[in-house]
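data07.cif, holding mmCIF, C-alpha atoms and all ligand atoms:
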data_query
loop_
_atom_site.label_atom_id
_atom_site.label_comp_id
_atom_site.auth_asym_id
_atom_site.auth_seq_id
_atom_site.Cartn_x
_atom_site.Cartn_y
_atom_site.Cartn_z
CA MET A 1 0.00 0.00 0.00
CA GLN A 2 1.05 3.57 -0.49
CA THR A 3 2.38 5.52 2.45
CA TYR A 4 0.15 8.42 3.45
CA ARG A 5 1.45 11.82 2.46
CA PRO A 6 -0.15 14.92 4.03
CA ASP A 7 -0.52 18.18 2.12
CA ARG A 8 1.05 20.01 5.04
CA VAL A 9 2.40 19.40 8.55
CA VAL A 10 1.27 21.93 11.15
CA VAL A 11 3.62 21.91 14.15
CA GLU A 12 2.99 23.38 17.58
CA SER A 13 5.81 25.68 18.66
CA GLY A 14 8.05 23.66 20.98
CA SER A 15 7.31 20.30 19.35
CA GLU A 16 10.30 20.71 17.00
CA ASP A 17 12.58 19.05 19.57
CA SER A 18 10.67 15.77 19.55
CA VAL A 19 11.71 12.50 17.93
CA ILE A 20 8.41 12.49 16.02
CA PHE A 21 9.26 15.85 14.45
CA ASP A 22 12.69 14.58 13.37
CA ASN A 23 11.13 11.48 11.84
CA LEU A 24 8.48 13.51 10.00
CA ARG A 25 11.10 15.88 8.64
CA SER A 26 13.23 13.09 7.22
CA ALA A 27 10.25 11.17 5.80
CA LEU A 28 8.61 14.21 4.19
CA PRO A 29 11.43 16.41 2.85
CA ASP A 30 9.24 18.10 0.23
CA VAL A 31 6.06 18.63 2.28
CA PRO A 32 5.54 22.14 3.73
CA PHE A 33 5.89 22.45 7.52
CA VAL A 34 4.21 25.35 9.31
CA THR A 35 5.00 26.13 12.95
CA VAL A 36 2.30 27.91 14.93
CA PRO A 37 1.42 28.40 18.62
CA ASP A 38 -1.90 26.51 18.34
CA PRO A 39 -2.18 24.00 15.46
CA GLN A 40 -5.76 23.09 16.34
CA ARG A 41 -6.88 26.68 16.12
CA TYR A 42 -4.81 27.32 12.99
CA TRP A 43 -6.38 24.29 11.31
CA THR A 44 -9.93 25.18 12.38
CA GLU A 45 -9.60 28.72 11.08
CA ARG A 46 -8.51 27.63 7.59
CA ASP A 47 -11.07 27.38 4.81
CA GLY A 48 -13.96 25.08 5.61
CA ALA A 49 -14.93 22.15 3.42
CA ALA A 50 -18.14 20.35 2.60
CA ASP A 51 -16.62 17.19 4.07
CA PRO A 52 -14.59 18.08 7.20
CA ILE A 53 -13.76 14.39 7.80
CA SER A 54 -11.95 14.14 4.46
CA ARG A 55 -10.33 17.53 4.98
CA GLY A 56 -9.21 16.38 8.44
CA LYS A 57 -7.11 13.66 6.82
CA ARG A 58 -5.27 16.06 4.47
CA ASP A 59 -3.17 17.96 7.03
CA LEU A 60 -1.14 16.37 9.80
CA LEU A 61 -0.92 18.24 13.11
CA LEU A 62 1.97 17.63 15.49
CA MET A 63 1.27 18.89 18.99
CA ARG A 64 1.65 18.11 22.67
CA HIS A 65 -1.02 16.04 24.35
CA LYS A 66 -2.06 17.87 27.50
CA GLY A 67 -4.18 15.23 29.26
CA ARG A 68 -3.47 11.65 30.26
CA PHE A 69 -2.36 9.24 27.54
CA LEU A 70 -3.51 6.01 29.14
CA LYS A 71 -7.07 5.05 29.92
CA ALA A 72 -9.21 1.97 30.35
CA CYS A 73 -11.11 1.01 27.21
CA PRO A 74 -14.62 2.42 27.65
CA GLY A 75 -16.18 -0.82 26.34
CA SER A 76 -19.90 -0.71 25.75
CA ASP A 77 -22.81 -0.78 28.21
CA GLY A 78 -24.04 -4.28 29.03
CA GLN A 79 -21.39 -6.00 26.89
CA VAL A 80 -18.64 -8.30 28.20
CA CYS A 81 -15.49 -6.24 28.70
CA CYS A 82 -12.03 -7.67 27.88
CA ASN A 83 -10.14 -5.46 30.33
CA TYR A 84 -8.15 -3.52 27.80
CA PHE A 85 -6.21 -0.30 28.16
CA ILE A 86 -5.66 2.33 25.51
CA ILE A 87 -2.77 4.66 24.76
CA ASN A 88 -3.81 7.54 22.52
CA PHE A 89 -0.65 8.61 20.69
CA ALA A 90 -2.60 10.06 17.75
CA SER A 91 -6.13 11.00 16.80
CA ASN A 92 -7.94 10.07 13.58
CA CYS A 93 -6.62 8.00 10.70
CA PRO A 94 -5.37 8.61 7.16
CA MET A 95 -7.23 5.57 5.81
CA ASP A 96 -10.93 5.81 5.02
CA CYS A 97 -13.23 2.90 5.89
CA SER A 98 -16.90 3.51 5.20
CA TYR A 99 -17.96 2.11 8.58
CA CYS A 100 -15.28 3.87 10.68
CA TYR A 101 -16.85 5.08 13.92
CA LEU A 102 -14.31 7.91 14.11
CA GLN A 103 -16.29 9.75 11.43
CA ASP A 104 -18.95 10.24 14.07
CA TYR A 105 -16.87 10.12 17.26
CA LEU A 106 -14.43 12.79 16.03
CA ALA A 107 -16.97 14.75 13.97
CA GLU A 108 -16.33 17.94 15.95
CA ASN A 109 -12.60 17.49 15.95
CA PRO A 110 -11.55 15.57 12.84
CA ALA A 111 -8.03 16.93 12.34
CA LEU A 112 -5.43 14.18 12.03
CA LYS A 113 -3.05 14.66 14.97
CA VAL A 114 0.05 13.03 16.35
CA PHE A 115 1.26 13.86 19.82
CA SER A 116 4.86 14.94 20.20
CA ASN A 117 5.47 14.34 23.93
CA VAL A 118 6.29 10.65 23.70
CA ASP A 119 8.51 10.93 26.80
CA ASP A 120 5.46 11.91 28.88
CA LEU A 121 3.53 8.99 27.43
CA LEU A 122 6.25 6.53 28.39
CA ALA A 123 6.71 8.06 31.86
CA GLU A 124 2.97 7.83 32.56
CA THR A 125 2.91 4.21 31.38
CA ARG A 126 6.00 3.31 33.43
CA ASP A 127 4.42 4.80 36.58
CA LEU A 128 1.15 2.95 36.12
CA LEU A 129 2.83 -0.40 35.46
CA ALA A 130 5.14 0.05 38.46
CA LYS A 131 2.21 0.82 40.77
CA HIS A 132 0.33 -2.36 39.82
CA ARG A 133 2.99 -5.04 39.34
CA GLY A 134 0.49 -7.78 40.23
CA PHE A 135 -1.78 -6.86 37.33
CA LEU A 136 -1.15 -7.84 33.71
CA PHE A 137 -2.03 -4.96 31.42
CA ARG A 138 -3.16 -5.50 27.86
CA ILE A 139 -2.55 -2.15 26.19
CA GLY A 140 -3.45 -1.11 22.66
CA THR A 141 -2.81 2.01 20.62
CA GLY A 142 -5.53 1.58 18.02
CA GLU A 143 -8.69 3.05 19.53
CA ILE A 144 -8.91 6.47 17.92
CA THR A 145 -6.34 5.86 15.22
CA ASP A 146 -4.71 2.94 13.41
CA SER A 147 -1.59 1.76 15.26
CA LEU A 148 0.69 1.61 12.21
CA ALA A 149 -0.84 3.71 9.40
CA LEU A 150 1.51 6.63 10.12
CA GLU A 151 4.48 4.50 11.20
CA PRO A 152 6.73 5.15 8.15
CA LEU A 153 6.42 8.88 8.89
CA ILE A 154 6.51 9.05 12.69
CA GLY A 155 8.31 5.91 13.94
CA PHE A 156 6.19 5.86 17.11
CA ALA A 157 5.75 2.10 17.38
CA ALA A 158 9.43 1.52 16.69
CA ALA A 159 10.25 3.93 19.53
CA THR A 160 7.93 2.20 22.00
CA VAL A 161 8.49 -1.52 21.27
CA PRO A 162 11.85 -1.54 23.13
CA PHE A 163 10.13 0.05 26.15
CA PHE A 164 7.35 -2.56 26.25
CA ALA A 165 9.81 -5.39 25.63
CA GLU A 166 11.26 -4.63 29.07
CA GLN A 167 7.97 -4.44 31.00
CA PRO A 168 7.17 -7.53 33.10
CA ASN A 169 3.44 -6.83 33.42
CA ALA A 170 2.28 -5.42 30.10
CA LEU A 171 1.54 -6.57 26.63
CA LEU A 172 1.36 -4.01 23.83
CA GLU A 173 -0.98 -4.63 20.92
CA LEU A 174 -0.41 -2.76 17.65
CA LYS A 175 -3.60 -3.11 15.64
CA THR A 176 -3.69 -2.12 11.99
CA LYS A 177 -5.15 -2.42 8.52
CA SER A 178 -1.86 -1.32 6.98
CA ASP A 179 1.27 -3.24 6.04
CA HIS A 180 3.69 -0.73 7.56
CA VAL A 181 5.80 -3.09 9.63
CA ASP A 182 9.32 -2.46 8.27
CA GLY A 183 10.28 -0.33 11.29
CA LEU A 184 9.39 -3.18 13.67
CA LEU A 185 11.30 -5.99 12.05
CA GLY A 186 14.75 -5.33 13.48
CA LEU A 187 13.54 -4.99 17.09
CA ASP A 188 13.29 -7.71 19.73
CA PRO A 189 9.74 -7.70 21.16
CA LYS A 190 10.61 -10.37 23.76
CA ASP A 191 7.06 -11.71 23.54
CA ARG A 192 5.65 -8.47 24.97
CA VAL A 193 4.28 -7.08 21.69
CA VAL A 194 1.44 -8.45 19.57
CA VAL A 195 0.98 -7.10 16.04
CA SER A 196 -2.59 -7.63 14.96
CA TRP A 197 -4.68 -7.08 11.89
CA SER A 198 -8.32 -6.31 11.35
CA MET A 199 -9.21 -8.79 8.65
CA ASN A 200 -11.96 -8.95 6.09
CA PRO A 201 -12.38 -10.68 2.74
CA GLN A 202 -10.94 -8.78 -0.22
CA ALA A 203 -14.50 -8.03 -1.42
CA VAL A 204 -15.15 -6.04 1.79
CA ILE A 205 -11.73 -4.38 1.63
CA ASP A 206 -12.40 -3.28 -1.96
CA ALA A 207 -15.86 -1.95 -1.21
CA ASP A 208 -15.50 -0.48 2.28
CA GLU A 209 -11.91 -0.18 3.49
CA GLY A 210 -10.53 2.70 1.44
CA LEU A 211 -6.76 3.29 1.31
CA THR A 212 -6.00 0.24 3.46
CA ALA A 213 -3.64 -2.62 2.59
CA SER A 214 -5.01 -5.46 0.48
CA LEU A 215 -5.60 -8.84 2.08
CA GLU A 216 -2.45 -10.19 0.48
CA GLU A 217 -0.42 -7.23 1.76
CA ARG A 218 -1.75 -7.74 5.30
CA LEU A 219 -0.93 -11.44 5.17
CA ASP A 220 2.55 -10.73 3.90
CA ALA A 221 3.14 -8.14 6.64
CA ALA A 222 1.88 -10.60 9.26
CA TRP A 223 4.22 -13.26 7.95
CA ARG A 224 7.17 -10.89 8.17
CA CYS A 225 6.25 -9.96 11.74
CA GLN A 226 5.93 -13.59 12.74
CA GLN A 227 9.35 -14.33 11.24
CA ALA A 228 10.75 -11.40 13.23
CA GLY A 229 9.49 -12.85 16.53
CA TYR A 230 6.21 -11.04 17.06
CA LYS A 231 3.07 -12.76 18.25
CA LEU A 232 0.13 -12.12 15.94
CA GLY A 233 -3.51 -11.28 16.51
CA PHE A 234 -6.42 -11.27 14.07
CA HIS A 235 -9.65 -9.37 14.53
CA PHE A 236 -12.57 -10.34 12.35
CA ASP A 237 -14.26 -7.09 13.06
CA PRO A 238 -16.46 -5.79 11.64
CA MET A 239 -17.82 -8.99 10.16
CA VAL A 240 -20.20 -8.14 7.35
CA GLU A 241 -23.09 -10.30 6.22
CA TYR A 242 -23.79 -10.37 2.48
CA PRO A 243 -24.65 -13.01 -0.15
CA GLY A 244 -21.64 -15.33 -0.25
CA TRP A 245 -20.12 -14.17 3.05
CA GLU A 246 -19.59 -17.73 4.23
CA GLU A 247 -17.39 -18.71 1.30
CA ASP A 248 -15.42 -15.46 1.54
CA TYR A 249 -14.80 -15.67 5.30
CA ARG A 250 -13.94 -19.34 5.09
CA ASP A 251 -11.46 -18.58 2.35
CA LEU A 252 -10.05 -15.73 4.45
CA LEU A 253 -9.46 -18.08 7.39
CA HIS A 254 -7.93 -20.68 5.11
CA ARG A 255 -5.47 -18.12 3.78
CA ILE A 256 -4.50 -16.97 7.26
CA PHE A 257 -4.02 -20.40 8.79
CA THR A 258 -2.19 -21.95 5.85
CA ARG A 259 0.22 -19.02 5.58
CA LEU A 260 0.91 -18.39 9.26
CA ASP A 261 1.84 -20.51 12.26
CA HIS A 262 -1.19 -20.54 14.56
CA ARG A 263 0.98 -21.64 17.49
CA ARG A 264 2.44 -18.14 17.55
CA MET A 265 -0.86 -16.35 17.48
CA ALA A 266 -1.92 -14.56 20.66
CA TRP A 267 -5.63 -14.27 19.97
CA THR A 268 -8.43 -13.79 17.49
CA SER A 269 -11.61 -11.84 18.02
CA MET A 270 -14.94 -11.50 16.29
CA GLY A 271 -17.45 -8.68 16.19
CA VAL A 272 -20.16 -7.86 13.70
CA LEU A 273 -20.72 -4.50 12.04
CA ARG A 274 -21.88 -1.90 14.55
CA THR A 275 -23.40 1.46 13.72
CA THR A 276 -25.41 4.23 15.33
CA PRO A 277 -28.06 6.38 13.68
CA SER A 278 -25.66 9.32 13.52
CA LEU A 279 -22.85 7.20 12.06
CA LYS A 280 -25.26 5.91 9.42
CA ARG A 281 -26.05 9.48 8.40
CA VAL A 282 -22.35 10.23 7.91
CA MET A 283 -21.82 6.96 6.04
CA ARG A 284 -24.68 7.67 3.65
CA ARG A 285 -23.32 11.14 2.98
CA ARG A 286 -19.67 10.17 2.52
CA PHE A 287 -20.13 6.72 0.97
CA PRO A 288 -23.42 6.81 -0.94
CA ALA A 289 -22.48 3.69 -2.94
CA THR A 290 -21.75 1.46 0.05
CA ARG A 291 -23.92 -1.63 0.34
CA ILE A 292 -22.76 -2.38 3.84
CA LEU A 293 -25.89 -0.78 5.30
CA SER A 294 -28.28 -2.90 3.29
CA GLY A 295 -28.38 -5.65 5.97
CA GLU A 296 -31.04 -5.15 8.64
CA GLN A 297 -29.74 -3.93 12.01
CA VAL A 298 -31.57 -3.64 15.30
CA PRO A 299 -30.93 -1.30 18.23
CA CYS A 300 -29.14 -2.91 21.18
CA LEU A 301 -29.00 -1.95 24.86
CA ASP A 302 -25.76 0.00 24.46
CA GLY A 303 -27.34 2.27 21.82
CA LYS A 304 -25.44 0.63 18.96
CA MET A 305 -27.14 -1.16 16.09
CA ARG A 306 -26.18 -4.71 15.17
CA TYR A 307 -27.55 -7.58 13.11
CA PHE A 308 -30.46 -9.40 14.74
CA GLN A 309 -29.10 -11.63 17.53
CA PRO A 310 -29.87 -15.04 15.92
CA LEU A 311 -27.96 -13.98 12.81
CA ARG A 312 -25.00 -12.78 14.89
CA VAL A 313 -24.89 -16.01 16.83
CA ALA A 314 -25.05 -18.05 13.61
CA MET A 315 -22.20 -16.04 12.09
CA TYR A 316 -20.02 -16.33 15.19
CA ARG A 317 -20.67 -20.06 15.54
CA LYS A 318 -19.61 -20.72 11.96
CA MET A 319 -16.48 -18.63 12.32
CA ARG A 320 -15.64 -20.29 15.63
CA HIS A 321 -16.01 -23.69 14.04
CA TRP A 322 -13.78 -22.80 11.08
CA ILE A 323 -11.12 -21.22 13.31
CA ARG A 324 -11.15 -24.20 15.69
CA ASP A 325 -10.72 -26.60 12.76
CA ALA A 326 -7.58 -24.82 11.66
CA ALA A 327 -6.18 -23.69 14.99
CA PRO A 328 -7.52 -25.68 17.93
CA LEU A 329 -5.74 -23.70 20.63
CA VAL A 330 -5.88 -20.10 19.47
CA PRO A 331 -8.01 -18.04 21.90
CA ILE A 332 -11.16 -16.55 20.40
CA TYR A 333 -13.17 -13.81 22.05
CA LEU A 334 -16.10 -11.62 21.11
CA CYS A 335 -15.81 -7.88 20.91
CA MET A 336 -18.66 -5.86 22.42
CA GLU A 337 -21.15 -8.67 22.80
CA THR A 338 -23.51 -9.63 25.62
CA ARG A 339 -23.12 -12.57 28.00
CA GLU A 340 -26.10 -14.16 26.31
CA VAL A 341 -24.40 -14.13 22.93
CA TRP A 342 -21.17 -15.41 24.48
CA ASP A 343 -23.07 -18.24 26.07
CA ARG A 344 -24.81 -19.20 22.85
CA VAL A 345 -21.56 -19.15 20.88
CA PHE A 346 -19.13 -20.70 23.35
CA GLY A 347 -21.34 -22.34 25.98
CA TYR A 348 -19.93 -20.04 28.69
CA PHE A 349 -19.24 -16.40 29.38
CA PRO A 350 -16.36 -14.83 31.31
CA SER A 351 -17.43 -13.94 34.84
CA CYS A 352 -15.78 -10.54 34.53
CA GLY A 353 -13.55 -8.54 32.24
CA LYS A 354 -10.57 -9.30 34.48
CA GLU A 355 -11.03 -13.01 33.91
CA LEU A 356 -11.14 -12.60 30.14
CA GLY A 357 -8.18 -10.19 30.12
CA ASN A 358 -6.09 -12.55 32.22
CA GLU A 359 -7.01 -15.51 30.03
CA LEU A 360 -5.78 -13.64 26.97
CA VAL A 361 -2.58 -12.37 28.56
CA GLY A 362 -1.97 -15.79 30.07
CA THR A 363 -1.90 -17.38 26.62
CA VAL A 364 1.02 -15.28 25.40
S1 LIG B 1 -8.35 1.76 9.49
FE1 LIG B 1 -9.58 1.83 11.36
S2 LIG B 1 -9.29 3.91 12.17
FE2 LIG B 1 -8.65 3.91 10.01
S3 LIG B 1 -10.43 4.55 8.84
FE3 LIG B 1 -10.44 2.29 8.90
S4 LIG B 1 -11.70 1.76 10.68
FE4 LIG B 1 -11.14 3.94 10.89
#

File written out as structure tokens:
Amino acid sequence: MQTYRPDRVVVESGSEDSVIFDNLRSALPDVPFVTVPDPQRYWTERDGAADPISRGKRDLLLMRHKGRFLKACPGSDGQVCCNYFIINFASNCPMDCSYCYLQDYLAENPALKVFSNVDDLLAETRDLLAKHRGFLFRIGTGEITDSLALEPLIGFAAATVPFFAEQPNALLELKTKSDHVDGLLGLDPKDRVVVSWSMNPQAVIDADEGLTASLEERLDAAWRCQQAGYKLGFHFDPMVEYPGWEEDYRDLLHRIFTRLDHRRMAWTSMGVLRTTPSLKRVMRRRFPATRILSGEQVPCLDGKMRYFQPLRVAMYRKMRHWIRDAAPLVPIYLCMETREVWDRVFGYFPSCGKELGNELVGTV
């Protein structure tokens, strides 16, 4: 896939002494850099656009993050939580999936940003891990951005893998739809870093995952990471139901498990397409040709809309069966699903998020 190239980099005064700035400068020698006291304000005051989400992806803002970097994953009301923590090193994403919830979640603040104070991020993480040595933290960086989409420009993951490799009670997950793994390959993750991919059949990638890596490129990147010593994860999320989905998802699983060693996979997860009424409005405006919304969805207790429960259960059961056939021991969990659905798919549900989180960390 092509590396993202912004039209302009807007830098907050004082962020020029960061490693991210140096990396951006060397990766983008012919892109204009503007230094201003307040990049957010500067960006907001520029010309408006009919589609602020698309405009938000054109400039890249480099600024300090003033709040806390680490937080517990908010999960979703009434759904089984997997006890996950999030580091927000960036906000928004240069890729453009039709179903991306960030289009709605960041609607008021869609500028693509990277935070320059990586030292503060690592210090905060170090403090938290030191205070709770008896707790195993599963930490991801892909909640409000893609973990690796900007990696060739910013080198953030490459700068943090050595830190996490030395932590006795944390596991870092880098979750992506890109194939930007070159910067990771020479590092030693010491089994503390999982590189994971959101996977869908090529038909879904073509129709609804704009500017992302192809299935073959994701598989190739995963293979290279596995060869370099990383554990892998695969997230079948969002699973999309359409005529022929079974053949396509079965083929997808076949390609993953014949190409890659399932004994060095940390986990897989499944979750069906989730929307909200406001996200649907944005999707219809920005992606009028998408057919992803043609399947019926019903409102759930957490305010999100999903396929009708019997259809979800049937989809998860089939996927579980196909994954188990190919990889009997790889952990499988559900993302943002109720205990009832868990029970109908697996015959049990985790008693609490801590139990599920510890099960997953314990497998690595
Ligand atoms: S890759 Fe993820 S974060 Fe980026 S646009 Fe797609 S869904 Fe959103």

Could you list, as a PDB file with C-alpha atoms, in the coordinates of the input, all the residues within 8 Å of ligand LIG 1 (chain B), counting only C-alpha atoms and all ligand atoms?
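That gives us part_15.pdb:
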ATOM      1  CA  ASN A  92      -7.940  10.070  13.580  1.00  0.00           C
ATOM      2  CA  CYS A  93      -6.620   8.000  10.700  1.00  0.00           C
ATOM      3  CA  PRO A  94      -5.370   8.610   7.160  1.00  0.00           C
ATOM      4  CA  MET A  95      -7.230   5.570   5.810  1.00  0.00           C
ATOM      5  CA  ASP A  96     -10.930   5.810   5.020  1.00  0.00           C
ATOM      6  CA  CYS A  97     -13.230   2.900   5.890  1.00  0.00           C
ATOM      7  CA  SER A  98     -16.900   3.510   5.200  1.00  0.00           C
ATOM      8  CA  TYR A  99     -17.960   2.110   8.580  1.00  0.00           C
ATOM      9  CA  CYS A 100     -15.280   3.870  10.680  1.00  0.00           C
ATOM     10  CA  TYR A 101     -16.850   5.080  13.920  1.00  0.00           C
ATOM     11  CA  LEU A 102     -14.310   7.910  14.110  1.00  0.00           C
ATOM     12  CA  GLN A 103     -16.290   9.750  11.430  1.00  0.00           C
ATOM     13  CA  GLY A 142      -5.530   1.580  18.020  1.00  0.00           C
ATOM     14  CA  GLU A 143      -8.690   3.050  19.530  1.00  0.00           C
ATOM     15  CA  ILE A 144      -8.910   6.470  17.920  1.00  0.00           C
ATOM     16  CA  THR A 145      -6.340   5.860  15.220  1.00  0.00           C
ATOM     17  CA  ASP A 146      -4.710   2.940  13.410  1.00  0.00           C
ATOM     18  CA  ALA A 149      -0.840   3.710   9.400  1.00  0.00           C
ATOM     19  CA  THR A 176      -3.690  -2.120  11.990  1.00  0.00           C
ATOM     20  CA  LYS A 177      -5.150  -2.420   8.520  1.00  0.00           C
ATOM     21  CA  SER A 178      -1.860  -1.320   6.980  1.00  0.00           C
ATOM     22  CA  GLU A 209     -11.910  -0.180   3.490  1.00  0.00           C
ATOM     23  CA  GLY A 210     -10.530   2.700   1.440  1.00  0.00           C
ATOM     24  CA  THR A 212      -6.000   0.240   3.460  1.00  0.00           C
TER      25      THR A 212
END

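The space between CA of Pro243 (chain A) and CA of Tyr316 (chain A) spans 16.4 Å.
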
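Around Ser18 (chain A), within 10 Å and counting only C-alpha atoms, the residues found are Asn23, Leu62, Met63, Arg64, Phe115, Ser116, Asn117, Val118 and Asp119 of chain A, once anything fewer than 5 positions away on its own chain is removed.
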
Counting only C-alpha atoms, which residues in region 244-319 of chain A sit no more than 12 Å from region 337-344 of chain A? For each one, give the nearest pair of atoms and the distance in Å, sorted by chain then residue number, as a Markdown table.
| residue | atom | partner | partner_atom | distance |
| --- | --- | --- | --- | --- |
| A:Ser269 | CA | A:Glu337 | CA | 11.1 |
| A:Met270 | CA | A:Glu337 | CA | 9.4 |
| A:Gly271 | CA | A:Glu337 | CA | 7.6 |
| A:Val272 | CA | A:Glu337 | CA | 9.2 |
| A:Leu273 | CA | A:Glu337 | CA | 11.5 |
| A:Arg274 | CA | A:Glu337 | CA | 10.7 |
| A:Cys300 | CA | A:Thr338 | CA | 9.8 |
| A:Leu301 | CA | A:Thr338 | CA | 9.5 |
| A:Asp302 | CA | A:Thr338 | CA | 10.0 |
| A:Lys304 | CA | A:Glu337 | CA | 10.9 |
| A:Met305 | CA | A:Glu337 | CA | 11.7 |
| A:Arg306 | CA | A:Glu337 | CA | 10.0 |
| A:Tyr307 | CA | A:Glu337 | CA | 11.7 |
| A:Phe308 | CA | A:Val341 | CA | 11.2 |
| A:Gln309 | CA | A:Val341 | CA | 7.6 |
| A:Pro310 | CA | A:Val341 | CA | 8.9 |
| A:Leu311 | CA | A:Val341 | CA | 10.7 |
| A:Arg312 | CA | A:Val341 | CA | 8.2 |
| A:Val313 | CA | A:Val341 | CA | 6.4 |
| A:Ala314 | CA | A:Arg344 | CA | 9.3 |
| A:Met315 | CA | A:Val341 | CA | 11.2 |
| A:Tyr316 | CA | A:Val341 | CA | 9.2 |
| A:Arg317 | CA | A:Arg344 | CA | 8.4 |

Near region 253-261 of chain A, counting all atoms listed in the file, which residues have an atom at most 8 Å away, once you skip same-chain residues fewer than 2 positions from it, shown as an mmCIF file with C-alpha atoms, keeping the file's coordinate frame?
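Written output follows (around.cif):
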data_model
loop_
_atom_site.group_PDB
_atom_site.id
_atom_site.type_symbol
_atom_site.label_atom_id
_atom_site.label_comp_id
_atom_site.auth_asym_id
_atom_site.auth_seq_id
_atom_site.Cartn_x
_atom_site.Cartn_y
_atom_site.Cartn_z
ATOM 1 C CA LEU A 219 -0.930 -11.440 5.170
ATOM 2 C CA ALA A 222 1.880 -10.600 9.260
ATOM 3 C CA TRP A 223 4.220 -13.260 7.950
ATOM 4 C CA GLN A 226 5.930 -13.590 12.740
ATOM 5 C CA TYR A 249 -14.800 -15.670 5.300
ATOM 6 C CA ARG A 250 -13.940 -19.340 5.090
ATOM 7 C CA ASP A 251 -11.460 -18.580 2.350
ATOM 8 C CA ARG A 263 0.980 -21.640 17.490
ATOM 9 C CA ARG A 264 2.440 -18.140 17.550
ATOM 10 C CA MET A 265 -0.860 -16.350 17.480
ATOM 11 C CA TRP A 322 -13.780 -22.800 11.080
ATOM 12 C CA ILE A 323 -11.120 -21.220 13.310
ATOM 13 C CA ALA A 326 -7.580 -24.820 11.660
ATOM 14 C CA ALA A 327 -6.180 -23.690 14.990
#

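Residue nearest Asp179 (chain A), chosen from A:Ala213, A:Leu60, A:Val194, A:Leu150 and counting only C-alpha atoms: A:Ala213.
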